[in-house]
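As structure tokens, the structure follows; a few thoughts come after it.
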Amino acid sequence: MGANNGKQYGSEGKGSSSISSDVSSSTDHTPTKAQKNVATSEDSDLSMRTLSTPSPALICPPTLPGFQNGRGSSTSSSSVTGETVAMVHSPPPPPPRLTHPLIRLAARPQKEQASTDRLPDHCMVHVFSFLPTNQLCRCARVCRRWYNLAWDPRLWRTIRLTGETVHVDRALKVLTRRLCQDTPNVCLMLETVIVSGCRRLTDRGLYTIAQCCPELRRLEVSGCYNISNEAVFDVVSLCPNLEHLDVSGCSKVTCISLTREASIKLSPLHGKQISIRYLDMTDCFVLEDEGLHTIAAHCTQLTHLYLRRCVRLTDEGLRYLVIYCTSIKELSVSDCRFVSDFGLREIAKLESRLRYLSIAHCGRVTDVGIRYIAKYCSKLRYLNARGCEGITDHGVEYLAKNCAKLKSLDIGKCPLVSDTGLECLALNCFNLKRLSLKSCESITGQGLQIVAANCFDLQMLNVQDCEVSVEALRFVKRHCKRCVIEHTNPAFF
């Protein structure tokens, strides 16, 4: 395979040129064959020549004294009279070598072997593993060896396409066709497809993936707003091992469920389940409580669910979610303006399994909802309650006393939180590493000093738009050496 490094691959594999033309938009240059090295030696050694016709200057009389003493020649010719002696001089010294780099290169036309040609196959495959899909297709057009290496099955566990101009549907069709050569109509090695931001992706492209990739485990189509429910149904129905699904920004997706045909084929013991564990439906504006009910009923193994800016969801949808999905560890309902304390009461039923919760800008949440979370979710590590203006020092106190292992807290834009709440937080949550108090008008430097004196592992502190003195910021910096302080005080640097 290494013997054909310099040959352009053109005939083997019809998919090579078409794949690159679909996936890559740049122009490839055909590699040229290196010229053979021509050994350019100096003139042959003059001492090895026979001078049949010596020049007059080389002809000397035999009675020359220097030659009679044997100093100019290795053999004496004085015994022969009437003859002439042809004296062969040593070759003249070579001209001085020019050291200018351009002249030196011109004097040595030999071309060394390319460094990549010296690498063994396994090293080249490792290098190729860091390339995105479009660059990998370009490499397949360089030569025969690169073609064979670029289509190594180990490099095609992931397809990653980006860009608004890529014709994704056609690219996926050509790629899956090439990857199915060894196993007709089925691509067994492909496990991850990431086509985020490819706005030209349609249901046809997802249907191609669903038909050819039964071992698919991860699919990210965020920002592809042309796909609909039917395409997503095909994927989750035909890819039973799918665990990670990101459809954020797909405004037409309102539900995650099995197709009718797949539901009929399933046995009653199976329960019409989908194996998805990670689901991101951020910015799916059309998602409603009924759609969330269907998702929860079919995706009971969910552990990570993100519903940011799904503005039509209410507390009723969260009730359905908690009934079916009892293993959720991370949940985000940020900017869901209809979620209130009743919704947090339902979320609190997840109890100690919940580790991450984001309720940012849920304006109907108050201390009552925070109290439910603090009482039942004792192993909570992350809480984002920014913009929940109904939270006061009492809510922070409940949280600090019951969630002692809290590591990250964002209570920015909560104007009712003051130094009293910070003091209780600092005396109970010693492992706190990230704290955001942005635009908390009631916070002063005294509260920050108490936090810094007790939370030595603090790594990030946001006090932008807070009335905090320079001395308090310097106190924090002295006690929390690794802390990055985000502030708006021009006197502190």
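Chain labels follow the order of the structure tokens: the first chain is A, the next B, and so on; residue numbering restarts at 1 in every chain, and ligands are counted from 1 in their shown order.
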Show which residues sit within 7 Å of Thr254 in chain A, as a PyMOL selection string. Count only C-alpha atoms, and ignore same-chain residues fewer than 2 positions away. chain A and resi 229+252+286-287+291
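Nearest to Arg160 in chain A of all the residues A:Arg145, A:Arg364, A:His298, A:Arg218 is A:Arg218, counting only C-alpha atoms.
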Quick one: distance from CA of Val166 in chain A to CA of Thr208 in chain A in Å, one decimal? 16.3 Å
May I have the residues within 8 Å of Thr300 in chain A as a ChimeraX atom specification, using only C-alpha atoms and disregarding those fewer than 3 positions away in the same chain? /A:273-275,296-297,324-326
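Distance check against Tyr376 in chain A using only C-alpha atoms: of A:Lys401, A:Arg157, A:Lys329, A:Lys349, the minimum falls on A:Lys349.
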Separation of CA of Cys377 in chain A from CA of Ser358 in chain A, in Å and rounded to one decimal: 13.5 Å
His126 in chain A surroundings by only C-alpha atoms, 12 Å radius, close-in-sequence under 5 positions cut, as an mmCIF file with N, CA and C atoms, in the first residue's frame:
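File written: around30.cif
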```cif
data_model
loop_
_atom_site.group_PDB
_atom_site.id
_atom_site.type_symbol
_atom_site.label_atom_id
_atom_site.label_comp_id
_atom_site.auth_asym_id
_atom_site.auth_seq_id
_atom_site.Cartn_x
_atom_site.Cartn_y
_atom_site.Cartn_z
ATOM 1 N N LEU A 119 5.551 8.021 7.895
ATOM 2 C CA LEU A 119 4.742 7.597 9.029
ATOM 3 C C LEU A 119 4.058 6.271 8.734
ATOM 4 N N PRO A 120 4.009 5.388 9.704
ATOM 5 C CA PRO A 120 3.274 4.122 9.492
ATOM 6 C C PRO A 120 1.773 4.367 9.444
ATOM 7 N N ASP A 121 1.052 3.362 9.026
ATOM 8 C CA ASP A 121 -0.383 3.520 8.819
ATOM 9 C C ASP A 121 -1.127 3.879 10.099
ATOM 10 N N LEU A 131 -9.530 15.109 12.316
ATOM 11 C CA LEU A 131 -10.067 15.933 11.236
ATOM 12 C C LEU A 131 -11.582 15.860 11.191
ATOM 13 N N LEU A 149 -6.544 4.809 3.838
ATOM 14 C CA LEU A 149 -6.468 5.153 5.252
ATOM 15 C C LEU A 149 -7.641 6.030 5.675
ATOM 16 N N ALA A 150 -8.051 6.953 4.810
ATOM 17 C CA ALA A 150 -9.134 7.872 5.166
ATOM 18 C C ALA A 150 -10.470 7.161 5.334
ATOM 19 N N ASP A 152 -10.780 4.200 6.679
ATOM 20 C CA ASP A 152 -10.666 3.204 7.739
ATOM 21 C C ASP A 152 -11.927 3.265 8.620
ATOM 22 N N ARG A 154 -12.500 2.810 11.607
ATOM 23 C CA ARG A 154 -12.326 3.434 12.915
ATOM 24 C C ARG A 154 -12.487 4.939 12.880
ATOM 25 N N LEU A 155 -12.334 5.540 11.696
ATOM 26 C CA LEU A 155 -12.471 6.991 11.562
ATOM 27 C C LEU A 155 -13.912 7.422 11.319
#
```
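If you count only C-alpha atoms and ignore residues fewer than 6 places along the chain from His479 in chain A, what sits within 7 Å of it is Ala452, Ala453 and Phe456 of chain A.
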Which polymer residues have any atom within 10 Å of an atom of Asn489 in chain A, counting only C-alpha atoms, with same-chain residues fewer than 3 positions away left out, as a PDB file with N, CA, C and O atoms, in the first residue's frame?
```pdb
ATOM      1  N   VAL A 463     -20.077  40.005  41.023  1.00  0.00           N
ATOM      2  CA  VAL A 463     -20.701  41.086  41.787  1.00  0.00           C
ATOM      3  C   VAL A 463     -20.897  42.316  40.900  1.00  0.00           C
ATOM      4  O   VAL A 463     -20.814  43.457  41.374  1.00  0.00           O
ATOM      5  N   GLN A 464     -21.160  42.077  39.636  1.00  0.00           N
ATOM      6  CA  GLN A 464     -21.406  43.195  38.726  1.00  0.00           C
ATOM      7  C   GLN A 464     -22.660  43.952  39.143  1.00  0.00           C
ATOM      8  O   GLN A 464     -23.667  43.364  39.542  1.00  0.00           O
ATOM      9  N   ASP A 465     -22.571  45.260  39.039  1.00  0.00           N
ATOM     10  CA  ASP A 465     -23.681  46.168  39.375  1.00  0.00           C
ATOM     11  C   ASP A 465     -24.093  46.059  40.837  1.00  0.00           C
ATOM     12  O   ASP A 465     -25.267  46.287  41.193  1.00  0.00           O
ATOM     13  N   CYS A 466     -23.149  45.724  41.707  1.00  0.00           N
ATOM     14  CA  CYS A 466     -23.387  45.704  43.154  1.00  0.00           C
ATOM     15  C   CYS A 466     -22.567  46.815  43.809  1.00  0.00           C
ATOM     16  O   CYS A 466     -21.443  47.118  43.363  1.00  0.00           O
ATOM     17  N   GLU A 467     -23.119  47.384  44.869  1.00  0.00           N
ATOM     18  CA  GLU A 467     -22.420  48.445  45.577  1.00  0.00           C
ATOM     19  C   GLU A 467     -21.419  47.835  46.553  1.00  0.00           C
ATOM     20  O   GLU A 467     -21.696  47.664  47.739  1.00  0.00           O
ATOM     21  N   VAL A 468     -20.242  47.478  46.016  1.00  0.00           N
ATOM     22  CA  VAL A 468     -19.216  46.809  46.819  1.00  0.00           C
ATOM     23  C   VAL A 468     -17.950  47.648  46.788  1.00  0.00           C
ATOM     24  O   VAL A 468     -17.531  48.126  45.718  1.00  0.00           O
ATOM     25  N   SER A 469     -17.326  47.840  47.938  1.00  0.00           N
ATOM     26  CA  SER A 469     -16.123  48.662  48.026  1.00  0.00           C
ATOM     27  C   SER A 469     -14.903  47.911  47.507  1.00  0.00           C
ATOM     28  O   SER A 469     -14.892  46.685  47.409  1.00  0.00           O
ATOM     29  N   VAL A 470     -13.858  48.682  47.239  1.00  0.00           N
ATOM     30  CA  VAL A 470     -12.613  48.093  46.770  1.00  0.00           C
ATOM     31  C   VAL A 470     -11.967  47.252  47.868  1.00  0.00           C
ATOM     32  O   VAL A 470     -11.388  46.193  47.599  1.00  0.00           O
ATOM     33  N   LEU A 473     -13.422  43.783  47.915  1.00  0.00           N
ATOM     34  CA  LEU A 473     -12.937  42.971  46.803  1.00  0.00           C
ATOM     35  C   LEU A 473     -11.513  42.503  47.058  1.00  0.00           C
ATOM     36  O   LEU A 473     -11.166  41.350  46.747  1.00  0.00           O
ATOM     37  N   GLU A 486     -15.723  38.954  38.915  1.00  0.00           N
ATOM     38  CA  GLU A 486     -16.336  39.753  37.861  1.00  0.00           C
ATOM     39  C   GLU A 486     -17.049  40.926  38.516  1.00  0.00           C
ATOM     40  O   GLU A 486     -17.992  40.737  39.297  1.00  0.00           O
ATOM     41  N   PHE A 492     -10.838  48.779  41.156  1.00  0.00           N
ATOM     42  CA  PHE A 492     -10.252  47.496  41.538  1.00  0.00           C
ATOM     43  C   PHE A 492      -9.727  46.806  40.271  1.00  0.00           C
ATOM     44  O   PHE A 492     -10.427  46.674  39.277  1.00  0.00           O
ATOM     45  N   PHE A 493      -8.472  46.421  40.351  1.00  0.00           N
ATOM     46  CA  PHE A 493      -7.867  45.722  39.204  1.00  0.00           C
ATOM     47  C   PHE A 493      -6.819  44.744  39.727  1.00  0.00           C
ATOM     48  O   PHE A 493      -6.390  44.812  40.858  1.00  0.00           O
TER      49      PHE A 493
END
```
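Comparing A:Val247, A:Ala231, A:Leu354, A:Cys362 by their smallest distance to Leu313 in chain A, the closest is A:Cys362 (using only C-alpha atoms).
Closest approach to Asp246 in chain A among A:Val476, A:Ala348, A:Met281, A:Leu258: A:Met281, based on only C-alpha atoms.
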